[in-house]
Amino acid sequence: MNIKANDPSLKSWVMVSAESDFPIQNLPFGVFKTDYLTAGAGVAIGEYILDLTYLHENGFLDGLGLPSGVFNQQYLNSFIGLGKKITRKVRNRISELLNRENEELRDNKPARELALIPIKEAVMLMPVNIPNYTDFYSNEHHATHVGEMFRDKENALMPNWKHLPVGYHGRASSIVPSGANIHRPKGQLKPQGADKPLFGTSKRLDFELEMAFITCKENGMGNPVSTVEADEYIFGFVLFNDWSARDIQFWEYVPLGPFLAKSFASSISPWVVTADALEPFRTKGPEQIPEVLPYLQYAGDKNYDIDLEVYLQPEGEEENLICSTNFKYMYWNANQQLAHQTVNGCNLKVGDMYASGTISGAEPGSYGSMLELSWKGTKPLKLKNGEERKFLEDGDAVIMKGCCKKNGVRLGFGELRNRILPGK
Ligand code: MN
């Protein structure tokens, strides 16, 4: 697919540093507010937010099929629900307006000053209202590590794992944006050797490094979406932290899977990087053996080459890089996940969120959870300040970052940062 706004040679008249996640080739959508502006949609460029409400109300986005008021809203749902034909036109038009050759905004000082808002003056909000949330379990390294820890090395993967993208329906109401504090959850715990459970604060609080995609189209009940059609349903991606209380999980998860160990919080990066912007970074997925059923087969490159990092920062201390991995290590891709989600006729909503499952690589240091990094608490991580961590402590911040590089273009997801507070 040839998307105008992805041209690596494009440059903006807005200053964008080489390390910025938001060059003109990215143009991610988000929802922000300031002291003087109510919640509305914007696009990130360098250190600025381009205010889409202002552009739309002042005629800069005319002729694109946009209904009035579509950006002056708390969420992006109405906008992304217009479909990718229109949202792609809008992204291309924004690219045009920010192009250094284009004088429309560049040379219109009053408009330029009202349209560009420094990111540091804004608060980023949830980009979408999320009707439904699914968490998959689609990374073979992670699933194998967990299987090795809790079952045995020879039968690490369950018999179904290579035949379908395993997942569960998660809790949409507790998904929060970067910056939100996470209170340590309480629940039933059954320490090893105890004969009955006790009630208490989780001692094994963990993060899970994931990516999530957001859907922008409805299929209607009874209508499966194929792996080919899936591209029209996937608007974009965010970083996703699937916070997990391992001790609660361990006691509650048989036989129906995760429940309260997960539903206390998940968090996302606030900028939605469009699938269009990620198009140049598509890469081949792993060979799937045994061959999957026809409805899960796909053609073309459906994985993405996105470098991912996790940092742990004890309160008031330095950041420690604890995980470097890549989104390309997924066994099941987003198209397959969506085809599987809908094969039974389940209906998708605009704004639904589908998380990938913990993203781990093969090597220690590329594991996407404390559970794996500390190998169930048996190999504590050493931090720069001399402390050790098996799981997360109160005051710890977990920071996730993601970026893609190709043909001289570097684009990223911004930061996903949340701090752990004591249980309430
Ligand atoms: Mn998860």
# chains A, B, ... in the order shown; residues from 1 in each chain; ligands from 1

call {"tool": "residues_around", "arguments": {"residues": "segment 217-232 of chain A", "least_positions_apart": "5", "cutoff": "8 Å", "atoms": "only C-alpha atoms", "output": "ChimeraX atom specification"}}
result
/A:81,83-84,295-299,335-336,338-339,342-350

call {"tool": "write_last_selection", "arguments": {"atoms": "N, CA and C atoms", "output": "tab-separated table (two decimals), in the first residue's frame"}}
result
chain	number	residue	atom	x	y	z
A	81	GLY	N	-14.58	5.75	13.83
A	81	GLY	CA	-15.73	5.02	13.30
A	81	GLY	C	-16.14	5.47	11.90
A	83	GLY	N	-14.30	5.25	9.50
A	83	GLY	CA	-13.68	4.27	8.60
A	83	GLY	C	-12.32	4.73	8.11
A	84	LYS	N	-11.53	3.76	7.68
A	84	LYS	CA	-10.14	4.06	7.36
A	84	LYS	C	-9.97	4.87	6.08
A	295	TYR	N	-9.39	-20.72	8.32
A	295	TYR	CA	-9.85	-19.38	8.73
A	295	TYR	C	-8.75	-18.58	9.42
A	296	LEU	N	-7.65	-19.24	9.82
A	296	LEU	CA	-6.54	-18.53	10.47
A	296	LEU	C	-5.35	-18.31	9.53
A	297	GLN	N	-5.46	-18.83	8.29
A	297	GLN	CA	-4.37	-18.63	7.34
A	297	GLN	C	-4.38	-17.19	6.84
A	298	TYR	N	-3.21	-16.68	6.48
A	298	TYR	CA	-3.13	-15.29	6.04
A	298	TYR	C	-2.04	-15.15	4.99
A	299	ALA	N	-2.08	-14.05	4.25
A	299	ALA	CA	-1.05	-13.79	3.25
A	299	ALA	C	-0.37	-12.46	3.57
A	335	ASN	N	-4.26	-9.85	12.68
A	335	ASN	CA	-5.29	-10.30	11.73
A	335	ASN	C	-5.85	-11.67	12.15
A	336	GLN	N	-4.96	-12.54	12.58
A	336	GLN	CA	-5.41	-13.86	13.03
A	336	GLN	C	-6.22	-13.75	14.33
A	338	LEU	N	-8.07	-11.25	15.26
A	338	LEU	CA	-9.40	-10.72	14.96
A	338	LEU	C	-10.27	-11.75	14.24
A	339	ALA	N	-9.66	-12.54	13.35
A	339	ALA	CA	-10.40	-13.60	12.66
A	339	ALA	C	-10.88	-14.64	13.69
A	342	THR	N	-13.82	-13.35	15.93
A	342	THR	CA	-15.12	-13.22	15.27
A	342	THR	C	-15.61	-14.48	14.58
A	343	VAL	N	-14.81	-15.56	14.62
A	343	VAL	CA	-15.18	-16.74	13.83
A	343	VAL	C	-16.50	-17.36	14.30
A	344	ASN	N	-16.83	-17.12	15.57
A	344	ASN	CA	-18.09	-17.64	16.12
A	344	ASN	C	-19.26	-16.67	15.91
A	345	GLY	N	-18.99	-15.54	15.25
A	345	GLY	CA	-20.05	-14.55	15.01
A	345	GLY	C	-20.07	-13.42	16.03
A	346	CYS	N	-19.08	-13.38	16.91
A	346	CYS	CA	-19.01	-12.31	17.92
A	346	CYS	C	-18.86	-10.96	17.23
A	347	ASN	N	-19.63	-9.96	17.73
A	347	ASN	CA	-19.60	-8.63	17.09
A	347	ASN	C	-18.56	-7.71	17.72
A	348	LEU	N	-17.86	-6.98	16.85
A	348	LEU	CA	-16.85	-6.01	17.28
A	348	LEU	C	-17.51	-4.65	17.42
A	349	LYS	N	-16.98	-3.83	18.32
A	349	LYS	CA	-17.45	-2.45	18.46
A	349	LYS	C	-16.31	-1.49	18.11
A	350	VAL	N	-16.67	-0.27	17.75
A	350	VAL	CA	-15.67	0.76	17.51
A	350	VAL	C	-15.04	1.13	18.86

call {"tool": "residues_near_ligand", "arguments": {"ligand": "ligand 1", "cutoff": "6 Å", "atoms": "only C-alpha atoms and all ligand atoms", "output": "JSON, numbers by chain"}}
result
{"A": [135, 208, 242, 357, 358]}

call {"tool": "select_by_dssp", "arguments": {"residues": "segment 239-411 of chain A", "states": "helix (DSSP H, G or I)", "output": "PyMOL selection string"}}
result
chain A and resi 246-252+260-263+275-281+294-296+327-329+334-342+370-373

call {"tool": "residues_around", "arguments": {"residues": "segment 16-23 of chain A", "least_positions_apart": "2", "cutoff": "12 Å", "atoms": "only C-alpha atoms", "output": "number ranges by chain"}}
result
A: 5-14, 25-29, 43-50, 95, 98-100, 119, 271-273, 277, 401-405, 408-415

call {"tool": "write_last_selection", "arguments": {"atoms": "N, CA and C atoms", "output": "compact mmCIF listing (two decimals), in the first residue's frame"}}
result
# COMPACT_ATOMS: atom_id res chain seq x y z
N ALA A 5 1.50 9.98 3.26
CA ALA A 5 2.05 10.54 4.51
C ALA A 5 3.23 9.75 5.06
N ASN A 6 3.52 8.55 4.50
CA ASN A 6 4.62 7.73 5.01
C ASN A 6 5.95 8.00 4.31
N ASP A 7 5.96 8.83 3.28
CA ASP A 7 7.17 9.09 2.48
C ASP A 7 8.34 9.49 3.40
N PRO A 8 9.43 8.69 3.40
CA PRO A 8 10.56 8.98 4.30
C PRO A 8 11.23 10.32 4.02
N SER A 9 11.03 10.89 2.83
CA SER A 9 11.71 12.16 2.50
C SER A 9 10.97 13.38 3.06
N LEU A 10 9.76 13.18 3.59
CA LEU A 10 8.99 14.33 4.10
C LEU A 10 9.68 14.97 5.31
N LYS A 11 9.60 16.30 5.34
CA LYS A 11 10.09 17.07 6.50
C LYS A 11 9.02 18.09 6.87
N SER A 12 8.95 18.39 8.16
CA SER A 12 7.95 19.36 8.62
C SER A 12 8.59 20.70 8.92
N TRP A 13 7.79 21.78 8.83
CA TRP A 13 8.26 23.09 9.28
C TRP A 13 8.25 23.18 10.80
N VAL A 14 7.60 22.22 11.46
CA VAL A 14 7.70 22.13 12.93
C VAL A 14 9.01 21.41 13.25
N GLN A 25 6.18 11.52 9.70
CA GLN A 25 5.74 10.20 9.19
C GLN A 25 4.88 9.43 10.20
N ASN A 26 4.75 9.95 11.43
CA ASN A 26 3.96 9.22 12.42
C ASN A 26 2.52 9.76 12.46
N LEU A 27 2.34 10.96 13.01
CA LEU A 27 1.03 11.60 13.13
C LEU A 27 0.00 10.72 13.86
N PRO A 28 0.31 10.34 15.10
CA PRO A 28 -0.64 9.55 15.90
C PRO A 28 -1.76 10.42 16.45
N PHE A 29 -2.90 9.81 16.69
CA PHE A 29 -4.07 10.52 17.19
C PHE A 29 -4.22 10.29 18.70
N VAL A 43 -3.14 15.63 17.12
CA VAL A 43 -2.12 14.80 16.49
C VAL A 43 -0.78 15.27 17.02
N ALA A 44 0.10 14.32 17.35
CA ALA A 44 1.42 14.70 17.88
C ALA A 44 2.40 14.96 16.74
N ILE A 45 3.14 16.08 16.88
CA ILE A 45 4.23 16.39 15.94
C ILE A 45 5.37 17.01 16.76
N GLY A 46 6.50 16.33 16.82
CA GLY A 46 7.62 16.80 17.64
C GLY A 46 7.18 16.99 19.08
N GLU A 47 7.41 18.21 19.59
CA GLU A 47 7.04 18.52 20.99
C GLU A 47 5.65 19.17 21.08
N TYR A 48 4.88 19.08 20.01
CA TYR A 48 3.60 19.78 19.94
C TYR A 48 2.42 18.85 19.68
N ILE A 49 1.24 19.37 20.01
CA ILE A 49 -0.02 18.74 19.63
C ILE A 49 -0.69 19.66 18.62
N LEU A 50 -1.09 19.09 17.50
CA LEU A 50 -1.86 19.85 16.52
C LEU A 50 -3.35 19.67 16.89
N SER A 95 -0.53 15.73 7.12
CA SER A 95 0.84 15.64 6.63
C SER A 95 1.14 16.78 5.67
N LEU A 98 1.51 20.09 7.52
CA LEU A 98 2.75 20.19 8.32
C LEU A 98 4.00 20.13 7.45
N ASN A 99 3.83 19.86 6.17
CA ASN A 99 4.97 19.77 5.24
C ASN A 99 5.68 21.12 5.13
N ARG A 100 6.99 21.07 5.16
CA ARG A 100 7.75 22.34 5.16
C ARG A 100 7.58 23.16 3.89
N ILE A 119 3.15 19.98 24.02
CA ILE A 119 2.72 18.76 24.71
C ILE A 119 2.82 18.94 26.22
N TRP A 271 -1.16 7.93 22.82
CA TRP A 271 -1.18 8.23 21.38
C TRP A 271 -1.44 6.96 20.59
N VAL A 272 -2.45 6.97 19.73
CA VAL A 272 -2.75 5.80 18.90
C VAL A 272 -1.97 5.94 17.59
N VAL A 273 -0.97 5.09 17.43
CA VAL A 273 -0.18 5.09 16.19
C VAL A 273 -0.97 4.28 15.16
N ALA A 277 0.53 4.26 9.59
CA ALA A 277 1.89 4.74 9.86
C ALA A 277 2.86 3.58 10.07
N LYS A 401 8.36 1.73 26.44
CA LYS A 401 8.61 2.55 25.25
C LYS A 401 8.64 1.64 24.02
N GLY A 402 8.29 2.20 22.88
CA GLY A 402 8.33 1.42 21.65
C GLY A 402 8.70 2.31 20.49
N CYS A 403 9.58 1.82 19.61
CA CYS A 403 9.90 2.62 18.42
C CYS A 403 10.29 1.76 17.23
N CYS A 404 10.08 2.30 16.05
CA CYS A 404 10.41 1.62 14.78
C CYS A 404 11.41 2.48 14.04
N LYS A 405 12.35 1.83 13.34
CA LYS A 405 13.34 2.57 12.55
C LYS A 405 13.50 1.92 11.20
N GLY A 408 15.81 5.81 7.51
CA GLY A 408 16.08 7.12 8.09
C GLY A 408 14.91 7.69 8.88
N VAL A 409 13.80 6.94 8.96
CA VAL A 409 12.66 7.41 9.75
C VAL A 409 12.66 6.66 11.08
N ARG A 410 12.46 7.42 12.16
CA ARG A 410 12.29 6.81 13.47
C ARG A 410 10.97 7.30 14.03
N LEU A 411 10.07 6.38 14.31
CA LEU A 411 8.83 6.82 14.94
C LEU A 411 8.51 5.94 16.13
N GLY A 412 7.79 6.51 17.10
CA GLY A 412 7.54 5.76 18.33
C GLY A 412 6.17 6.01 18.90
N PHE A 413 5.97 5.46 20.08
CA PHE A 413 4.64 5.45 20.72
C PHE A 413 4.52 6.42 21.88
N GLY A 414 5.61 7.21 22.14
CA GLY A 414 5.58 8.00 23.36
C GLY A 414 5.80 7.06 24.53
N GLU A 415 5.46 7.52 25.70
CA GLU A 415 5.81 6.77 26.90
C GLU A 415 4.56 6.26 27.59

call {"tool": "residues_around", "arguments": {"residues": "Tyr304 of chain A", "least_positions_apart": "4", "cutoff": "7 Å", "atoms": "only C-alpha atoms", "output": "JSON, numbers by chain"}}
result
{"A": [281, 282, 283, 327, 328]}

call {"tool": "closest_residue", "arguments": {"among": "A:Glu291, A:Glu317, A:Asp276, A:Asp305", "to": "Arg88 of chain A", "atoms": "only C-alpha atoms"}}
result
A:Asp276

call {"tool": "select_by_dssp", "arguments": {"residues": "segment 92-260 of chain A", "states": "strand (DSSP E)", "output": "ChimeraX atom specification"}}
result
/A:116-118,123-124,133-136,167-169,175-177,182-183,186-189,198-201,205-206,209-215,234-241,244-245

call {"tool": "residues_around", "arguments": {"residues": "Asn139 of chain A", "least_positions_apart": "2", "cutoff": "6 Å", "atoms": "only C-alpha atoms", "output": "PyMOL selection string"}}
result
chain A and resi 141-142+330-331+359

call {"tool": "write_last_selection", "arguments": {"atoms": "N, CA, C and O atoms", "output": "tab-separated table (two decimals), in the first residue's frame"}}
result
chain	number	residue	atom	x	y	z
A	141	HIS	N	7.35	-17.48	23.28
A	141	HIS	CA	8.39	-17.49	24.34
A	141	HIS	C	7.73	-17.33	25.71
A	141	HIS	O	8.04	-18.07	26.65
A	142	HIS	N	6.80	-16.36	25.81
A	142	HIS	CA	6.14	-16.13	27.10
A	142	HIS	C	5.33	-17.36	27.52
A	142	HIS	O	5.45	-17.83	28.66
A	330	MET	N	5.87	-12.08	17.89
A	330	MET	CA	4.55	-12.67	18.12
A	330	MET	C	4.35	-13.88	17.21
A	330	MET	O	4.71	-13.86	16.03
A	331	TYR	N	3.76	-14.93	17.76
A	331	TYR	CA	3.45	-16.12	16.96
A	331	TYR	C	2.16	-15.88	16.17
A	331	TYR	O	2.10	-16.12	14.98
A	359	ILE	N	4.90	-9.88	25.61
A	359	ILE	CA	5.86	-10.00	24.52
A	359	ILE	C	7.25	-10.28	25.09
A	359	ILE	O	7.88	-9.42	25.71

call {"tool": "closest_residue", "arguments": {"among": "A:Lys85, A:Arg151, A:Lys262, A:His145", "to": "Tyr133 of chain A", "atoms": "only C-alpha atoms"}}
result
A:Lys262

call {"tool": "residues_around", "arguments": {"residues": "segment 188-203 of chain A", "least_positions_apart": "3", "cutoff": "10 Å", "atoms": "only C-alpha atoms", "output": "NGL selection string"}}
result
:A and (184-185 or 206 or 244-252 or 260-261 or 390-393 or 422-424)

call {"tool": "write_last_selection", "arguments": {"atoms": "C-alpha atoms", "output": "compact mmCIF listing (two decimals), in the first residue's frame"}}
result
# COMPACT_ATOMS: atom_id res chain seq x y z
CA ARG A 184 -1.65 -2.50 44.81
CA PRO A 185 -4.62 -4.89 44.73
CA ASP A 206 3.84 -7.68 38.09
CA SER A 244 -1.01 -8.71 37.07
CA ALA A 245 -1.13 -9.94 40.67
CA ARG A 246 0.59 -13.31 40.36
CA ASP A 247 -0.35 -14.61 43.82
CA ILE A 248 -4.05 -13.82 43.29
CA GLN A 249 -3.83 -15.31 39.79
CA PHE A 250 -2.18 -18.51 40.96
CA TRP A 251 -5.04 -19.32 43.37
CA GLU A 252 -8.01 -18.15 41.28
CA LEU A 260 -9.37 -10.39 39.78
CA ALA A 261 -5.62 -10.84 39.29
CA LYS A 390 11.56 -10.20 42.46
CA PHE A 391 8.28 -8.40 41.85
CA LEU A 392 7.22 -4.73 42.01
CA GLU A 393 7.43 -2.67 45.22
CA PRO A 422 0.13 1.04 48.39
CA GLY A 423 -3.21 -0.81 48.49
CA LYS A 424 -6.21 1.23 49.62

call {"tool": "closest_residue", "arguments": {"among": "A:Pro380, A:Pro286, A:Gly42, A:Gly386", "to": "Phe71 of chain A", "atoms": "only C-alpha atoms"}}
result
A:Gly42

call {"tool": "residues_around", "arguments": {"residues": "Ala156 of chain A", "least_positions_apart": "2", "cutoff": "12 Å", "atoms": "only C-alpha atoms", "output": "ChimeraX atom specification"}}
result
/A:140-154,158-162

call {"tool": "write_last_selection", "arguments": {"atoms": "N, CA, C and O atoms", "output": "PDB file, in the first residue's frame"}}
result
ATOM      1  N   GLU A 140       4.990 -17.035  21.816  1.00  0.00           N
ATOM      2  CA  GLU A 140       5.397 -18.411  22.148  1.00  0.00           C
ATOM      3  C   GLU A 140       6.433 -18.451  23.271  1.00  0.00           C
ATOM      4  O   GLU A 140       6.397 -19.343  24.121  1.00  0.00           O
ATOM      5  N   HIS A 141       7.353 -17.484  23.280  1.00  0.00           N
ATOM      6  CA  HIS A 141       8.387 -17.490  24.336  1.00  0.00           C
ATOM      7  C   HIS A 141       7.727 -17.333  25.710  1.00  0.00           C
ATOM      8  O   HIS A 141       8.040 -18.070  26.646  1.00  0.00           O
ATOM      9  N   HIS A 142       6.803 -16.362  25.808  1.00  0.00           N
ATOM     10  CA  HIS A 142       6.144 -16.132  27.096  1.00  0.00           C
ATOM     11  C   HIS A 142       5.331 -17.359  27.520  1.00  0.00           C
ATOM     12  O   HIS A 142       5.446 -17.826  28.660  1.00  0.00           O
ATOM     13  N   ALA A 143       4.533 -17.879  26.601  1.00  0.00           N
ATOM     14  CA  ALA A 143       3.687 -19.031  26.946  1.00  0.00           C
ATOM     15  C   ALA A 143       4.553 -20.233  27.338  1.00  0.00           C
ATOM     16  O   ALA A 143       4.211 -20.989  28.250  1.00  0.00           O
ATOM     17  N   THR A 144       5.692 -20.383  26.669  1.00  0.00           N
ATOM     18  CA  THR A 144       6.601 -21.492  26.984  1.00  0.00           C
ATOM     19  C   THR A 144       7.233 -21.299  28.363  1.00  0.00           C
ATOM     20  O   THR A 144       7.302 -22.233  29.161  1.00  0.00           O
ATOM     21  N   HIS A 145       7.676 -20.063  28.638  1.00  0.00           N
ATOM     22  CA  HIS A 145       8.291 -19.794  29.946  1.00  0.00           C
ATOM     23  C   HIS A 145       7.307 -20.091  31.084  1.00  0.00           C
ATOM     24  O   HIS A 145       7.665 -20.730  32.072  1.00  0.00           O
ATOM     25  N   VAL A 146       6.080 -19.619  30.927  1.00  0.00           N
ATOM     26  CA  VAL A 146       5.073 -19.828  31.970  1.00  0.00           C
ATOM     27  C   VAL A 146       4.774 -21.325  32.115  1.00  0.00           C
ATOM     28  O   VAL A 146       4.672 -21.848  33.229  1.00  0.00           O
ATOM     29  N   GLY A 147       4.684 -22.009  30.982  1.00  0.00           N
ATOM     30  CA  GLY A 147       4.449 -23.462  31.007  1.00  0.00           C
ATOM     31  C   GLY A 147       5.580 -24.203  31.700  1.00  0.00           C
ATOM     32  O   GLY A 147       5.354 -25.131  32.477  1.00  0.00           O
ATOM     33  N   GLU A 148       6.810 -23.776  31.445  1.00  0.00           N
ATOM     34  CA  GLU A 148       7.974 -24.414  32.087  1.00  0.00           C
ATOM     35  C   GLU A 148       7.935 -24.203  33.598  1.00  0.00           C
ATOM     36  O   GLU A 148       8.255 -25.103  34.370  1.00  0.00           O
ATOM     37  N   MET A 149       7.550 -22.991  33.998  1.00  0.00           N
ATOM     38  CA  MET A 149       7.540 -22.682  35.434  1.00  0.00           C
ATOM     39  C   MET A 149       6.450 -23.428  36.181  1.00  0.00           C
ATOM     40  O   MET A 149       6.663 -23.885  37.288  1.00  0.00           O
ATOM     41  N   PHE A 150       5.254 -23.512  35.577  1.00  0.00           N
ATOM     42  CA  PHE A 150       4.111 -24.021  36.333  1.00  0.00           C
ATOM     43  C   PHE A 150       3.710 -25.446  35.944  1.00  0.00           C
ATOM     44  O   PHE A 150       2.921 -26.060  36.630  1.00  0.00           O
ATOM     45  N   ARG A 151       4.227 -25.951  34.791  1.00  0.00           N
ATOM     46  CA  ARG A 151       3.979 -27.355  34.442  1.00  0.00           C
ATOM     47  C   ARG A 151       5.338 -28.024  34.279  1.00  0.00           C
ATOM     48  O   ARG A 151       6.060 -28.190  35.248  1.00  0.00           O
ATOM     49  N   ASP A 152       5.696 -28.399  33.056  1.00  0.00           N
ATOM     50  CA  ASP A 152       7.031 -28.975  32.864  1.00  0.00           C
ATOM     51  C   ASP A 152       7.558 -28.637  31.487  1.00  0.00           C
ATOM     52  O   ASP A 152       6.801 -28.268  30.582  1.00  0.00           O
ATOM     53  N   LYS A 153       8.864 -28.728  31.329  1.00  0.00           N
ATOM     54  CA  LYS A 153       9.561 -28.298  30.132  1.00  0.00           C
ATOM     55  C   LYS A 153       9.050 -29.027  28.882  1.00  0.00           C
ATOM     56  O   LYS A 153       8.914 -28.425  27.820  1.00  0.00           O
ATOM     57  N   GLU A 154       8.752 -30.313  29.024  1.00  0.00           N
ATOM     58  CA  GLU A 154       8.356 -31.117  27.857  1.00  0.00           C
ATOM     59  C   GLU A 154       6.962 -30.741  27.361  1.00  0.00           C
ATOM     60  O   GLU A 154       6.681 -30.824  26.178  1.00  0.00           O
ATOM     61  N   MET A 158       0.226 -25.763  26.061  1.00  0.00           N
ATOM     62  CA  MET A 158      -0.987 -26.591  26.091  1.00  0.00           C
ATOM     63  C   MET A 158      -1.263 -27.082  24.664  1.00  0.00           C
ATOM     64  O   MET A 158      -0.852 -26.445  23.685  1.00  0.00           O
ATOM     65  N   PRO A 159      -1.988 -28.233  24.528  1.00  0.00           N
ATOM     66  CA  PRO A 159      -2.182 -28.829  23.196  1.00  0.00           C
ATOM     67  C   PRO A 159      -2.875 -27.896  22.196  1.00  0.00           C
ATOM     68  O   PRO A 159      -2.674 -28.020  20.992  1.00  0.00           O
ATOM     69  N   ASN A 160      -3.673 -26.937  22.687  1.00  0.00           N
ATOM     70  CA  ASN A 160      -4.394 -26.054  21.764  1.00  0.00           C
ATOM     71  C   ASN A 160      -3.551 -24.880  21.264  1.00  0.00           C
ATOM     72  O   ASN A 160      -3.919 -24.203  20.313  1.00  0.00           O
ATOM     73  N   TRP A 161      -2.399 -24.611  21.912  1.00  0.00           N
ATOM     74  CA  TRP A 161      -1.733 -23.313  21.753  1.00  0.00           C
ATOM     75  C   TRP A 161      -1.334 -22.985  20.306  1.00  0.00           C
ATOM     76  O   TRP A 161      -1.458 -21.843  19.862  1.00  0.00           O
ATOM     77  N   LYS A 162      -0.871 -23.997  19.555  1.00  0.00           N
ATOM     78  CA  LYS A 162      -0.443 -23.713  18.167  1.00  0.00           C
ATOM     79  C   LYS A 162      -1.588 -23.850  17.166  1.00  0.00           C
ATOM     80  O   LYS A 162      -1.395 -23.723  15.960  1.00  0.00           O
TER      81      LYS A 162
END

call {"tool": "atom_distance", "arguments": {"atom1": "atom CA of Pro270 of chain A", "atom2": "atom CA of Trp332 of chain A"}}
result
24.6 Å

call {"tool": "closest_residue", "arguments": {"among": "A:Ile24, A:Leu383, A:Ile80, A:Ile130", "to": "Glu96 of chain A", "atoms": "only C-alpha atoms"}}
result
A:Ile24

call {"tool": "atom_distance", "arguments": {"atom1": "atom CA of Gln74 of chain A", "atom2": "atom CA of His169 of chain A"}}
result
24.8 Å

call {"tool": "closest_residue", "arguments": {"among": "A:Ile175, A:Leu321, A:Met126, A:Ala111", "to": "His56 of chain A", "atoms": "only C-alpha atoms"}}
result
A:Ala111

call {"tool": "atom_distance", "arguments": {"atom1": "atom CA of Ser356 of chain A", "atom2": "atom CA of Ala275 of chain A"}}
result
14.8 Å

call {"tool": "closest_residue", "arguments": {"among": "A:Glu363, A:Glu287, A:Asp51, A:Glu309", "to": "Val398 of chain A", "atoms": "only C-alpha atoms"}}
result
A:Glu309
